[in-house]
>>> print(open('coords_3.tsv').read())   # TSV, C-alpha atoms
chain	number	residue	atom	x	y	z
E	9	MET	CA	0.00	0.00	0.00
E	10	GLN	CA	1.20	3.48	-0.82
E	11	ARG	CA	2.48	5.63	1.97
E	12	THR	CA	0.19	8.55	1.19
E	13	THR	CA	-3.01	6.48	1.14
E	14	MET	CA	-2.01	4.95	4.44
E	15	ASP	CA	-1.43	8.38	5.94
E	16	LEU	CA	-4.81	9.45	4.66
E	17	TRP	CA	-6.57	6.51	6.29
E	18	VAL	CA	-4.76	6.95	9.58
E	19	GLY	CA	-5.59	10.65	9.49
E	20	LEU	CA	-9.24	9.85	8.89
E	21	PHE	CA	-9.14	7.30	11.71
E	22	VAL	CA	-7.74	9.81	14.19
E	23	ILE	CA	-10.19	12.52	13.09
E	24	MET	CA	-13.07	10.06	13.49
E	25	GLY	CA	-11.81	9.09	16.94
E	26	VAL	CA	-11.54	12.70	18.09
E	27	GLY	CA	-14.93	13.38	16.53
E	28	ALA	CA	-16.43	10.46	18.45
E	29	LEU	CA	-15.00	11.83	21.70
E	30	LEU	CA	-16.45	15.26	20.88
E	31	ILE	CA	-19.87	13.78	20.10
E	32	LEU	CA	-19.75	11.84	23.35
E	33	SER	CA	-18.95	14.92	25.40
E	34	LEU	CA	-21.27	17.37	23.63
E	35	LYS	CA	-24.24	15.35	22.41
E	36	VAL	CA	-24.30	12.46	24.90
E	37	GLY	CA	-22.72	14.16	27.91
E	38	ASN	CA	-23.29	17.51	29.46
E	39	LEU	CA	-20.08	19.33	28.59
E	40	ASN	CA	-22.03	22.12	26.90
E	41	THR	CA	-23.75	22.93	30.16
E	42	TYR	CA	-20.45	23.50	31.95
E	43	SER	CA	-19.56	27.16	32.05
E	44	ALA	CA	-15.77	27.06	32.26
E	45	GLY	CA	-15.86	26.59	36.03
E	46	GLN	CA	-16.96	30.13	36.83
E	47	SER	CA	-19.13	29.75	39.87
E	48	TYR	CA	-19.55	30.99	43.40
E	49	GLN	CA	-20.41	29.14	46.57
E	50	LEU	CA	-23.38	29.46	48.83
E	51	VAL	CA	-24.04	27.62	52.06
E	52	GLY	CA	-27.39	26.43	53.30
E	53	HIS	CA	-28.34	24.76	56.57
E	54	PHE	CA	-31.10	22.19	56.29
E	55	GLU	CA	-32.87	20.36	59.06
E	56	ASN	CA	-33.27	17.27	56.88
E	57	ILE	CA	-31.85	16.76	53.42
E	58	GLY	CA	-33.69	13.52	52.70
E	59	GLY	CA	-31.96	11.77	49.80
E	60	LEU	CA	-30.03	14.75	48.45
E	61	LYS	CA	-26.72	13.77	46.85
E	62	VAL	CA	-23.56	15.61	45.95
E	63	ARG	CA	-23.75	16.85	42.31
E	64	ALA	CA	-27.53	17.07	42.50
E	65	PRO	CA	-28.82	20.02	40.47
E	66	VAL	CA	-29.76	23.39	41.93
E	67	LYS	CA	-32.71	24.78	40.04
E	68	SER	CA	-34.53	28.05	39.97
E	69	SER	CA	-37.85	28.11	38.10
E	70	GLY	CA	-36.83	24.74	36.71
E	71	VAL	CA	-33.59	26.02	35.17
E	72	VAL	CA	-30.38	24.39	36.39
E	73	VAL	CA	-28.33	27.22	37.91
E	74	GLY	CA	-25.76	25.18	39.82
E	75	ARG	CA	-24.90	21.94	41.57
E	76	VAL	CA	-24.55	20.67	45.11
E	77	ALA	CA	-20.83	20.72	45.85
E	78	ASP	CA	-20.64	19.16	49.28
E	79	ILE	CA	-22.84	17.90	52.11
E	80	GLN	CA	-21.69	17.78	55.70
E	81	PHE	CA	-23.16	17.42	59.15
E	82	SER	CA	-22.56	20.32	61.48
E	83	LEU	CA	-21.77	19.54	65.12
E	84	GLU	CA	-22.51	23.13	66.17
E	85	THR	CA	-26.05	23.40	64.92
E	86	TYR	CA	-26.76	19.69	64.51
E	87	ASP	CA	-28.11	20.00	61.03
E	88	ALA	CA	-26.93	19.37	57.48
E	89	VAL	CA	-24.66	21.92	55.84
E	90	VAL	CA	-24.97	21.93	52.06
E	91	MET	CA	-22.50	23.80	49.84
E	92	LEU	CA	-23.94	24.96	46.55
E	93	ASN	CA	-21.88	25.89	43.50
E	94	ILE	CA	-23.92	28.46	41.62
E	95	ASP	CA	-23.08	29.58	38.09
E	96	SER	CA	-21.75	33.13	38.33
E	97	ARG	CA	-24.16	34.25	35.59
E	98	TYR	CA	-26.98	33.89	38.10
E	99	ILE	CA	-27.12	36.03	41.23
E	100	PHE	CA	-29.87	35.85	43.81
E	101	PRO	CA	-31.26	38.29	46.38
E	102	LYS	CA	-30.35	37.94	50.05
E	103	ASP	CA	-33.77	36.61	51.06
E	104	THR	CA	-33.81	33.76	48.54
E	105	PHE	CA	-35.65	30.68	49.71
E	106	ALA	CA	-33.88	27.30	49.27
E	107	SER	CA	-35.95	24.15	49.54
E	108	ILE	CA	-35.23	20.51	48.82
E	109	LEU	CA	-37.68	19.22	46.25
E	110	THR	CA	-38.23	15.95	44.44
E	111	ALA	CA	-38.44	15.61	40.67
E	112	GLY	CA	-41.53	13.54	40.06
E	113	LEU	CA	-42.92	11.00	42.47
E	114	LEU	CA	-39.84	8.81	42.76
E	115	GLY	CA	-37.33	11.06	41.05
E	116	GLU	CA	-34.04	12.41	42.31
E	117	GLN	CA	-33.97	15.26	44.80
E	118	TYR	CA	-32.75	18.72	43.93
E	119	ILE	CA	-32.56	22.12	45.54
E	120	GLY	CA	-35.03	24.71	44.35
E	121	LEU	CA	-34.17	28.38	44.76
E	122	ALA	CA	-37.04	30.86	44.92
E	123	ALA	CA	-35.75	34.40	44.56
E	124	GLY	CA	-36.83	36.96	47.12
E	125	GLY	CA	-37.31	40.69	46.73
E	126	GLU	CA	-34.39	42.26	48.53
E	127	ASP	CA	-31.88	44.53	46.78
E	128	VAL	CA	-28.75	43.07	48.39
E	129	MET	CA	-27.45	40.07	46.48
E	130	LEU	CA	-25.87	36.87	47.80
E	131	ALA	CA	-22.11	36.80	47.27
E	132	ASN	CA	-19.51	34.03	47.37
E	133	GLY	CA	-19.52	32.20	50.71
E	134	ASP	CA	-22.80	33.68	51.92
E	135	LYS	CA	-25.32	31.69	53.86
E	136	ILE	CA	-28.87	31.20	52.66
E	137	MET	CA	-30.99	32.12	55.66
E	138	LYS	CA	-34.35	30.69	54.61
E	139	THR	CA	-34.32	26.98	53.98
E	140	ASN	CA	-36.95	24.31	53.75
E	141	SER	CA	-36.25	20.66	54.54
E	142	ALA	CA	-36.93	17.69	52.35
E	143	VAL	CA	-40.34	16.11	52.63
E	144	VAL	CA	-39.92	12.67	54.12
E	145	LEU	CA	-42.75	10.47	52.99
E	146	GLU	CA	-42.90	8.38	56.18
E	147	GLU	CA	-43.20	11.47	58.40
E	148	MET	CA	-45.94	12.86	56.23
E	149	ILE	CA	-47.93	9.63	56.27
E	150	GLY	CA	-47.35	9.31	60.02
E	151	ARG	CA	-48.64	12.81	60.66
E	152	PHE	CA	-51.64	12.21	58.46
E	153	LEU	CA	-52.55	8.97	60.25
E	154	PHE	CA	-52.04	10.63	63.62
E	155	ASP	CA	-54.35	13.51	62.67
E	156	LYS	CA	-56.92	11.09	61.33
E	157	ALA	CA	-56.86	9.08	64.55
E	158	ALA	CA	-57.21	12.25	66.63
E	159	ASP	CA	-60.21	13.34	64.51
E	160	ASP	CA	-61.96	10.02	64.97
E	161	ASP	CA	-61.73	10.11	68.76
E	162	PHE	CA	-63.63	13.34	69.15
J	30	MET	CA	0.30	-42.07	48.37
J	31	SER	CA	2.40	-39.46	50.13
J	32	LYS	CA	4.69	-39.33	47.11
J	33	ARG	CA	1.74	-38.55	44.85
J	34	LEU	CA	0.55	-35.86	47.29
J	35	ILE	CA	3.98	-34.25	47.31
J	36	ALA	CA	4.13	-34.45	43.55
J	37	SER	CA	0.78	-32.69	43.18
J	38	ILE	CA	1.84	-29.94	45.61
J	39	GLN	CA	5.04	-29.61	43.60
J	40	GLY	CA	2.90	-29.23	40.51
J	41	VAL	CA	0.99	-26.35	42.08
J	42	GLY	CA	4.23	-24.70	43.17
J	43	HIS	CA	5.73	-25.12	39.73
J	44	GLY	CA	2.69	-23.52	38.13
J	45	VAL	CA	2.72	-20.55	40.49
J	46	ILE	CA	6.43	-19.97	39.96
J	47	GLU	CA	5.98	-20.26	36.19
J	48	TYR	CA	3.18	-17.66	36.14
J	49	THR	CA	5.03	-15.28	38.43
J	50	TRP	CA	8.05	-15.65	36.19
J	51	GLN	CA	5.96	-14.86	33.12
J	52	PHE	CA	4.39	-11.86	34.83
J	53	GLY	CA	7.79	-10.51	35.84
J	54	LEU	CA	9.12	-11.02	32.32
J	55	ALA	CA	6.10	-9.19	30.88
J	56	CYS	CA	6.62	-6.26	33.26
J	57	ARG	CA	10.32	-6.03	32.40
J	58	PHE	CA	9.44	-6.23	28.73
J	59	PHE	CA	6.94	-3.40	29.18
J	60	ILE	CA	9.59	-1.17	30.77
J	61	LEU	CA	12.06	-2.13	28.05
J	62	ILE	CA	9.56	-1.04	25.38
J	63	LEU	CA	9.02	2.29	27.12
J	64	LEU	CA	12.78	2.85	27.35
J	65	LYS	CA	13.36	2.09	23.69
J	66	SER	CA	10.30	3.78	22.25
J	67	THR	CA	11.97	7.19	21.89
J	68	ILE	CA	13.70	5.89	18.76
J	69	SER	CA	10.55	4.49	17.20
J	70	LEU	CA	8.46	7.54	18.09
J	71	LYS	CA	11.05	9.67	16.31
J	72	ARG	CA	10.49	7.56	13.19
J	73	PHE	CA	6.74	8.04	13.38
J	74	GLY	CA	6.22	6.47	9.95
J	75	LEU	CA	6.69	3.06	11.56
J	76	VAL	CA	3.92	3.73	14.10
J	77	MET	CA	1.77	5.18	11.31
J	78	ARG	CA	2.01	1.92	9.33
J	79	GLU	CA	0.99	-0.11	12.37
J	80	LEU	CA	-1.80	2.34	13.20
J	81	TYR	CA	-3.20	1.56	9.79
J	82	PHE	CA	-3.16	-2.19	10.32
J	83	VAL	CA	-4.17	-2.14	13.98
J	84	GLY	CA	-6.56	0.80	14.12
J	85	VAL	CA	-8.05	1.46	10.69
J	86	MET	CA	-8.51	-2.22	9.86
J	87	SER	CA	-10.37	-2.77	13.17
J	88	LEU	CA	-12.85	-0.01	12.36
J	89	ILE	CA	-15.42	-2.18	10.60
J	90	ILE	CA	-15.75	-4.79	13.34
J	91	ILE	CA	-15.81	-2.12	16.08
J	92	LEU	CA	-18.42	0.05	14.36
J	93	VAL	CA	-20.71	-2.82	13.38
J	94	SER	CA	-20.58	-4.48	16.81
J	95	GLY	CA	-21.12	-1.10	18.48
J	96	LEU	CA	-24.22	-0.56	16.42
J	97	PHE	CA	-25.63	-3.98	17.29
J	98	VAL	CA	-24.78	-3.73	20.98
J	99	GLY	CA	-26.53	-0.36	21.11
J	100	MET	CA	-29.59	-1.69	19.32
J	101	VAL	CA	-29.87	-4.66	21.68
J	102	LEU	CA	-29.46	-2.36	24.69
J	103	GLY	CA	-32.19	-0.14	23.33
J	104	LEU	CA	-34.61	-3.03	22.83
J	105	GLN	CA	-33.93	-4.68	26.16
J	106	GLY	CA	-33.90	-1.40	28.06
J	107	TYR	CA	-37.19	-0.34	26.52
J	108	GLU	CA	-38.74	-3.73	27.33
J	109	THR	CA	-37.92	-3.35	31.02
J	110	LEU	CA	-38.36	0.40	31.44
J	111	GLN	CA	-41.80	0.53	29.85
J	112	LYS	CA	-43.08	-1.63	32.73
J	113	PHE	CA	-42.37	1.34	35.00
J	114	GLY	CA	-43.66	3.87	32.51
J	115	SER	CA	-40.25	5.49	32.21
J	116	GLU	CA	-39.33	4.48	28.68
J	117	THR	CA	-37.81	7.91	28.03
J	118	ALA	CA	-35.00	6.92	30.38
J	119	VAL	CA	-33.83	4.40	27.80
J	120	GLY	CA	-31.45	7.01	26.35
J	121	THR	CA	-29.77	7.36	29.73
J	122	LEU	CA	-29.55	3.60	30.11
J	123	VAL	CA	-27.97	3.06	26.69
J	124	ALA	CA	-25.55	5.97	27.00
J	125	LEU	CA	-24.43	5.25	30.55
J	126	SER	CA	-23.89	1.53	30.05
J	127	LEU	CA	-21.97	2.16	26.83
J	128	VAL	CA	-19.82	5.06	28.00
J	129	ARG	CA	-18.98	3.58	31.37
J	130	GLU	CA	-18.64	-0.13	30.70
J	131	LEU	CA	-19.54	-1.70	27.38
J	132	GLY	CA	-17.72	0.78	25.17
J	133	PRO	CA	-14.27	0.33	26.72
J	134	VAL	CA	-14.66	-3.35	27.64
J	135	VAL	CA	-16.26	-4.80	24.50
J	136	ALA	CA	-14.12	-2.65	22.23
J	137	ALA	CA	-11.03	-3.89	24.08
J	138	LEU	CA	-12.15	-7.53	23.82
J	139	LEU	CA	-12.78	-7.16	20.09
J	140	PHE	CA	-9.52	-5.29	19.69
J	141	ALA	CA	-7.62	-8.06	21.48
J	142	SER	CA	-9.07	-10.75	19.25
J	143	ARG	CA	-8.83	-8.76	16.01
J	144	ALA	CA	-5.56	-6.83	16.37
J	145	GLY	CA	-3.83	-8.35	19.39
J	146	SER	CA	-3.78	-11.84	17.92
J	147	ALA	CA	-2.47	-10.49	14.62
J	148	ILE	CA	0.36	-8.66	16.37
J	149	THR	CA	1.31	-11.78	18.32
J	150	ALA	CA	1.26	-13.97	15.22
J	151	GLU	CA	3.33	-11.50	13.25
J	152	ILE	CA	6.03	-11.04	15.89
J	153	GLY	CA	6.00	-14.75	16.73
J	154	LEU	CA	6.47	-15.69	13.09
J	155	MET	CA	9.26	-13.14	12.75
J	156	LYS	CA	10.93	-14.83	15.69
J	157	ALA	CA	10.31	-18.34	14.30
J	158	THR	CA	11.83	-17.40	10.94
J	159	GLU	CA	14.77	-15.77	12.78
J	160	GLN	CA	14.07	-12.33	11.35
J	161	LEU	CA	14.43	-10.83	14.83
J	162	SER	CA	17.86	-12.41	15.35
J	163	ALA	CA	18.90	-11.24	11.90
J	164	MET	CA	17.95	-7.69	12.88
J	165	GLY	CA	19.99	-8.04	16.02
J	166	LEU	CA	22.98	-9.12	13.92
J	167	MET	CA	22.58	-6.02	11.77
J	168	ALA	CA	22.66	-3.91	14.95
J	169	VAL	CA	18.98	-3.02	14.51
J	170	ASP	CA	17.23	-3.33	17.84
J	171	PRO	CA	14.16	-5.52	17.19
J	172	ILE	CA	12.35	-4.06	20.18
J	173	ALA	CA	12.72	-0.51	18.91
J	174	ARG	CA	12.09	-1.44	15.27
J	175	VAL	CA	9.36	-4.10	15.50
J	176	VAL	CA	7.84	-4.23	18.97
J	177	ALA	CA	7.55	-0.60	20.08
J	178	PRO	CA	5.69	0.69	16.97
J	179	ARG	CA	3.09	-2.06	17.34
J	180	PHE	CA	2.77	-1.33	21.05
J	181	TRP	CA	2.22	2.38	20.49
J	182	ALA	CA	-0.21	1.78	17.66
J	183	GLY	CA	-2.31	-0.35	20.02
J	184	VAL	CA	-2.12	2.21	22.83
J	185	ILE	CA	-3.09	5.10	20.55
J	186	SER	CA	-5.92	3.43	18.67
J	187	MET	CA	-7.69	1.79	21.63
J	188	PRO	CA	-9.29	4.96	23.17
J	189	PHE	CA	-10.42	6.13	19.73
J	190	LEU	CA	-11.94	2.77	18.93
J	191	ALA	CA	-13.75	2.68	22.29
J	192	ALA	CA	-15.14	6.18	21.73
J	193	MET	CA	-16.36	5.24	18.25
J	194	PHE	CA	-17.91	2.07	19.65
J	195	SER	CA	-19.85	4.12	22.21
J	196	VAL	CA	-21.02	6.64	19.62
J	197	MET	CA	-22.18	3.88	17.29
J	198	GLY	CA	-23.93	2.21	20.22
J	199	VAL	CA	-25.79	5.37	21.17
J	200	PHE	CA	-26.75	5.77	17.52
J	201	GLY	CA	-27.99	2.15	17.46
J	202	GLY	CA	-30.04	2.75	20.59
J	203	TYR	CA	-31.47	5.88	19.00
J	204	LEU	CA	-32.39	3.95	15.84
J	205	VAL	CA	-34.22	1.22	17.74
J	206	THR	CA	-35.99	3.25	20.42
J	207	VAL	CA	-36.75	6.53	18.64
J	208	VAL	CA	-37.02	5.58	14.97
J	209	TYR	CA	-38.37	2.04	15.31
J	210	ILE	CA	-40.34	1.99	18.58
J	211	GLY	CA	-41.22	5.65	18.68
J	212	VAL	CA	-39.91	7.02	21.98
J	213	ASP	CA	-39.92	10.81	21.95
J	214	ALA	CA	-36.63	12.01	20.46
J	215	GLY	CA	-36.48	15.16	22.59
J	216	SER	CA	-36.75	13.40	25.93
J	217	PHE	CA	-34.39	10.65	24.71
J	218	TRP	CA	-31.58	13.15	24.18
J	219	SER	CA	-32.37	15.52	27.05
J	220	GLN	CA	-32.60	12.73	29.65
J	221	MET	CA	-29.33	11.37	28.34
J	222	GLN	CA	-27.61	14.74	28.52
J	223	SER	CA	-28.84	15.53	32.00
J	224	ASN	CA	-27.66	12.19	33.38
J	225	VAL	CA	-24.35	11.57	31.61
J	226	ASP	CA	-21.69	13.65	33.29
J	227	PHE	CA	-18.59	14.69	31.39
J	228	HIS	CA	-16.07	14.22	34.18
J	229	TYR	CA	-17.71	11.37	36.02
J	230	ASP	CA	-18.75	9.19	33.07
J	231	ILE	CA	-17.01	10.14	29.85
J	232	VAL	CA	-13.56	10.94	31.23
J	233	ASN	CA	-13.61	7.82	33.39
J	234	GLY	CA	-14.60	5.68	30.40
J	235	PHE	CA	-11.79	7.23	28.40
J	236	ILE	CA	-9.28	6.48	31.16
J	237	LYS	CA	-10.51	2.89	31.22
J	238	SER	CA	-9.96	2.45	27.51
J	239	CYS	CA	-6.43	3.89	27.83
J	240	PHE	CA	-5.63	1.29	30.50
J	241	PHE	CA	-7.07	-1.48	28.35
J	242	GLY	CA	-5.06	-0.29	25.36
J	243	VAL	CA	-1.80	-0.49	27.32
J	244	ALA	CA	-2.74	-3.92	28.72
J	245	VAL	CA	-3.77	-5.48	25.41
J	246	ALA	CA	-0.82	-4.04	23.50
J	247	THR	CA	1.66	-5.21	26.14
J	248	ILE	CA	0.21	-8.71	26.26
J	249	ALA	CA	0.12	-9.02	22.46
J	250	VAL	CA	3.71	-7.96	21.83
J	251	PHE	CA	5.02	-9.89	24.83
J	252	GLN	CA	3.34	-13.14	23.82
J	253	GLY	CA	4.67	-12.74	20.30
J	254	TYR	CA	8.19	-12.02	21.48
J	255	ASP	CA	8.05	-14.81	24.06
J	256	ALA	CA	6.57	-17.44	21.70
J	257	ALA	CA	8.40	-20.69	21.11
J	258	PRO	CA	9.96	-20.34	17.64
J	259	THR	CA	7.91	-23.09	16.03
J	260	ALA	CA	4.60	-23.23	14.19
J	261	GLU	CA	2.98	-24.74	17.26
J	262	GLY	CA	4.55	-22.14	19.53
J	263	VAL	CA	3.15	-19.28	17.44
J	264	SER	CA	-0.33	-20.77	17.44
J	265	ARG	CA	-0.21	-21.29	21.22
J	266	ALA	CA	1.02	-17.74	21.74
J	267	THR	CA	-1.84	-16.36	19.64
J	268	THR	CA	-4.37	-18.27	21.71
J	269	ARG	CA	-2.70	-17.11	24.92
J	270	THR	CA	-2.91	-13.48	23.77
J	271	VAL	CA	-6.66	-13.64	23.33
J	272	VAL	CA	-7.31	-15.57	26.55
J	273	THR	CA	-4.97	-13.53	28.74
J	274	SER	CA	-6.15	-10.24	27.26
J	275	ALA	CA	-9.79	-11.10	27.92
J	276	LEU	CA	-9.06	-12.08	31.53
J	277	VAL	CA	-6.86	-9.06	32.18
J	278	ILE	CA	-9.38	-6.67	30.61
J	279	LEU	CA	-12.25	-7.98	32.74
J	280	ALA	CA	-10.24	-8.08	35.96
J	281	LEU	CA	-8.76	-4.64	35.33
J	282	ASP	CA	-12.25	-3.36	34.57
J	283	PHE	CA	-13.44	-4.44	37.99
J	284	VAL	CA	-10.48	-2.79	39.71
J	285	LEU	CA	-10.89	0.46	37.76
J	286	THR	CA	-14.65	0.49	38.32
J	287	ALA	CA	-14.12	-0.03	42.03
J	288	PHE	CA	-11.86	3.02	42.08
J	289	MET	CA	-14.01	5.20	39.85
J	290	PHE	CA	-17.59	4.40	40.83
J	291	ARG	CA	-17.69	3.35	44.44
J	292	GLY	CA	-21.39	3.88	44.83
J	293	VAL	CA	-20.81	6.59	47.43
J	294	SER	CA	-21.19	10.07	46.10
>>> encode(input="coords_3.tsv", output="structure tokens")
Amino acid sequence: MQRTTMDLWVGLFVIMGVGALLILSLKVGNLNTYSAGQSYQLVGHFENIGGLKVRAPVKSSGVVVGRVADIQFSLETYDAVVMLNIDSRYIFPKDTFASILTAGLLGEQYIGLAAGGEDVMLANGDKIMKTNSAVVLEEMIGRFLFDKAADDDF
Amino acid sequence: MSKRLIASIQGVGHGVIEYTWQFGLACRFFILILLKSTISLKRFGLVMRELYFVGVMSLIIILVSGLFVGMVLGLQGYETLQKFGSETAVGTLVALSLVRELGPVVAALLFASRAGSAITAEIGLMKATEQLSAMGLMAVDPIARVVAPRFWAGVISMPFLAAMFSVMGVFGGYLVTVVYIGVDAGSFWSQMQSNVDFHYDIVNGFIKSCFFGVAVATIAVFQGYDAAPTAEGVSRATTRTVVTSALVILALDFVLTAFMFRGVS
């Protein structure tokens, strides 16, 4: 086989390989939703995080604005401390409400941010003051049954 | 009775020592290749030639099997997921299983049996016909001239082949579930994109295929170089390449998976 044809085929092979990697990262994966790592961190204290996981999405009005960076348990306040990496394109007022929600009935849990009305904005490292815990199904059913039983007695 | 017992224990010991010996030889051979590959990487035309035979010629089998694996995944995934009413998640299922596991592993297995065996047979036959010793007499290092280019061709082409396998698989899954069964195309792609992470899934799959490339290439050239210089020896070495590669790929896959995806996030 001629040298030049071989070079051509190998060149095509490498281009196809690189193309396949690009397709994988852009079309199959979520590389296009990464914004070059420009983000800032917020902290939220939650009484109960339910099944929230690291890398779970942070959404506002359904749009992904960031991801959960880290989850820890605080020994000072005895609650869960959740670090959020928020895309620096999106800034939120100081009185933003953070709640842990569930996508669908059995879906994954995510953090929903509901913007408040204050003029001061949250900056890197700030703490979200208003948080809402995850809804734990067992607790809800338990409370419902308890209420029902109490109603029946009287 | 006791003599037979001792003899059988001796047999076990002999086997263990033999395998350890082989493993040590393979590791030393690997380091030797790395040390001598500067020369062959400088003459990149040699690697280019092998890339053609090892990479380009494996394209057909990789692409066709990728397509079929993806189509089967799509069918089977749809069959199970529709019981839970979540058939749109089939895109995620196909993409994740291909990118994380099947792409690197099946591509490496196919690569070992298509290209690895050919490399072993070629080097083994060169040894059997004393071409390697002739090179040595002419002061041409056979490791730098024959072995290293084939090794590097295997290492370079493996990640590309695995990526193409995954892409073809995703395309096959798309064909079966969206075009043939009629799952909504929009949710197929969007579910896939929201669940396949670039760093966690794609980069880890890529790293896996790099490891497999190094393993298969090392085993193939070592078995060829180590083959007994007879017709029988070459045929045995070719078989050993395929068997050892398959075992090493699967075992290595478990180890890498255990490091990459521990289940704790």
>>> atom_distance(input="coords_3.tsv", atom1="atom CA of Thr121 of chain J", atom2="atom CA of Met221 of chain J")
4.3 Å
>>> interface_residues(input="coords_3.tsv", of="chain E", to="chain J", cutoff="12 Å", atoms="all atoms listed in the file", output="ChimeraX atom specification")
/E:9-42,59-65,71-72,76-79,112-116
>>> closest_atom_pairs(input="coords_3.tsv", of="segment 115-200 of chain J", to="segment 275-286 of chain J", cutoff="9 Å", atoms="all atoms listed in the file", output="CSV")
residue,atom,partner,partner_atom,distance
J:Arg129,CA,J:Thr286,CA,8.8
J:Glu130,CA,J:Asp282,CA,8.1
J:Pro133,CA,J:Asp282,CA,8.9
J:Val134,CA,J:Ile278,CA,6.9
J:Ala137,CA,J:Ile278,CA,7.3
J:Leu138,CA,J:Ala275,CA,5.9
J:Ala141,CA,J:Ala275,CA,7.4
J:Ser142,CA,J:Ala275,CA,8.7
>>> atom_distance(input="coords_3.tsv", atom1="atom CA of Ala287 of chain J", atom2="atom CA of Arg269 of chain J")
26.7 Å
>>> atom_distance(input="coords_3.tsv", atom1="atom CA of Met91 of chain E", atom2="atom CA of Leu122 of chain J")
29.1 Å
>>> closest_residue(input="coords_3.tsv", among="J:Thr67, J:Ser146, J:Ser31, J:Thr206", to="Leu110 of chain J", atoms="all atoms listed in the file")
J:Thr206
>>> decode(input="coords_3.tsv", residues="segment 139-188 of chain J", atoms="C-alpha atoms", output="JSON list (two decimals), in the first residue's frame")
[["chain", "number", "residue", "atom", "x", "y", "z"],
["J", 139, "LEU", "CA", -12.78, -7.16, 20.09],
["J", 140, "PHE", "CA", -9.52, -5.29, 19.69],
["J", 141, "ALA", "CA", -7.62, -8.06, 21.48],
["J", 142, "SER", "CA", -9.07, -10.75, 19.25],
["J", 143, "ARG", "CA", -8.83, -8.76, 16.01],
["J", 144, "ALA", "CA", -5.56, -6.83, 16.37],
["J", 145, "GLY", "CA", -3.83, -8.35, 19.39],
["J", 146, "SER", "CA", -3.78, -11.84, 17.92],
["J", 147, "ALA", "CA", -2.47, -10.49, 14.62],
["J", 148, "ILE", "CA", 0.36, -8.66, 16.37],
["J", 149, "THR", "CA", 1.31, -11.78, 18.32],
["J", 150, "ALA", "CA", 1.26, -13.97, 15.22],
["J", 151, "GLU", "CA", 3.33, -11.50, 13.25],
["J", 152, "ILE", "CA", 6.03, -11.04, 15.89],
["J", 153, "GLY", "CA", 6.00, -14.75, 16.73],
["J", 154, "LEU", "CA", 6.47, -15.69, 13.09],
["J", 155, "MET", "CA", 9.26, -13.14, 12.75],
["J", 156, "LYS", "CA", 10.93, -14.83, 15.69],
["J", 157, "ALA", "CA", 10.31, -18.34, 14.30],
["J", 158, "THR", "CA", 11.83, -17.40, 10.94],
["J", 159, "GLU", "CA", 14.77, -15.77, 12.78],
["J", 160, "GLN", "CA", 14.07, -12.33, 11.35],
["J", 161, "LEU", "CA", 14.43, -10.83, 14.83],
["J", 162, "SER", "CA", 17.86, -12.41, 15.35],
["J", 163, "ALA", "CA", 18.90, -11.24, 11.90],
["J", 164, "MET", "CA", 17.95, -7.69, 12.88],
["J", 165, "GLY", "CA", 19.99, -8.04, 16.02],
["J", 166, "LEU", "CA", 22.98, -9.12, 13.92],
["J", 167, "MET", "CA", 22.58, -6.02, 11.77],
["J", 168, "ALA", "CA", 22.66, -3.91, 14.95],
["J", 169, "VAL", "CA", 18.98, -3.02, 14.51],
["J", 170, "ASP", "CA", 17.23, -3.33, 17.84],
["J", 171, "PRO", "CA", 14.16, -5.52, 17.19],
["J", 172, "ILE", "CA", 12.35, -4.06, 20.18],
["J", 173, "ALA", "CA", 12.72, -0.51, 18.91],
["J", 174, "ARG", "CA", 12.09, -1.44, 15.27],
["J", 175, "VAL", "CA", 9.36, -4.10, 15.50],
["J", 176, "VAL", "CA", 7.84, -4.23, 18.97],
["J", 177, "ALA", "CA", 7.55, -0.60, 20.08],
["J", 178, "PRO", "CA", 5.69, 0.69, 16.97],
["J", 179, "ARG", "CA", 3.09, -2.06, 17.34],
["J", 180, "PHE", "CA", 2.77, -1.33, 21.05],
["J", 181, "TRP", "CA", 2.22, 2.38, 20.49],
["J", 182, "ALA", "CA", -0.21, 1.78, 17.66],
["J", 183, "GLY", "CA", -2.31, -0.35, 20.02],
["J", 184, "VAL", "CA", -2.12, 2.21, 22.83],
["J", 185, "ILE", "CA", -3.09, 5.10, 20.55],
["J", 186, "SER", "CA", -5.92, 3.43, 18.67],
["J", 187, "MET", "CA", -7.69, 1.79, 21.63],
["J", 188, "PRO", "CA", -9.29, 4.96, 23.17]]
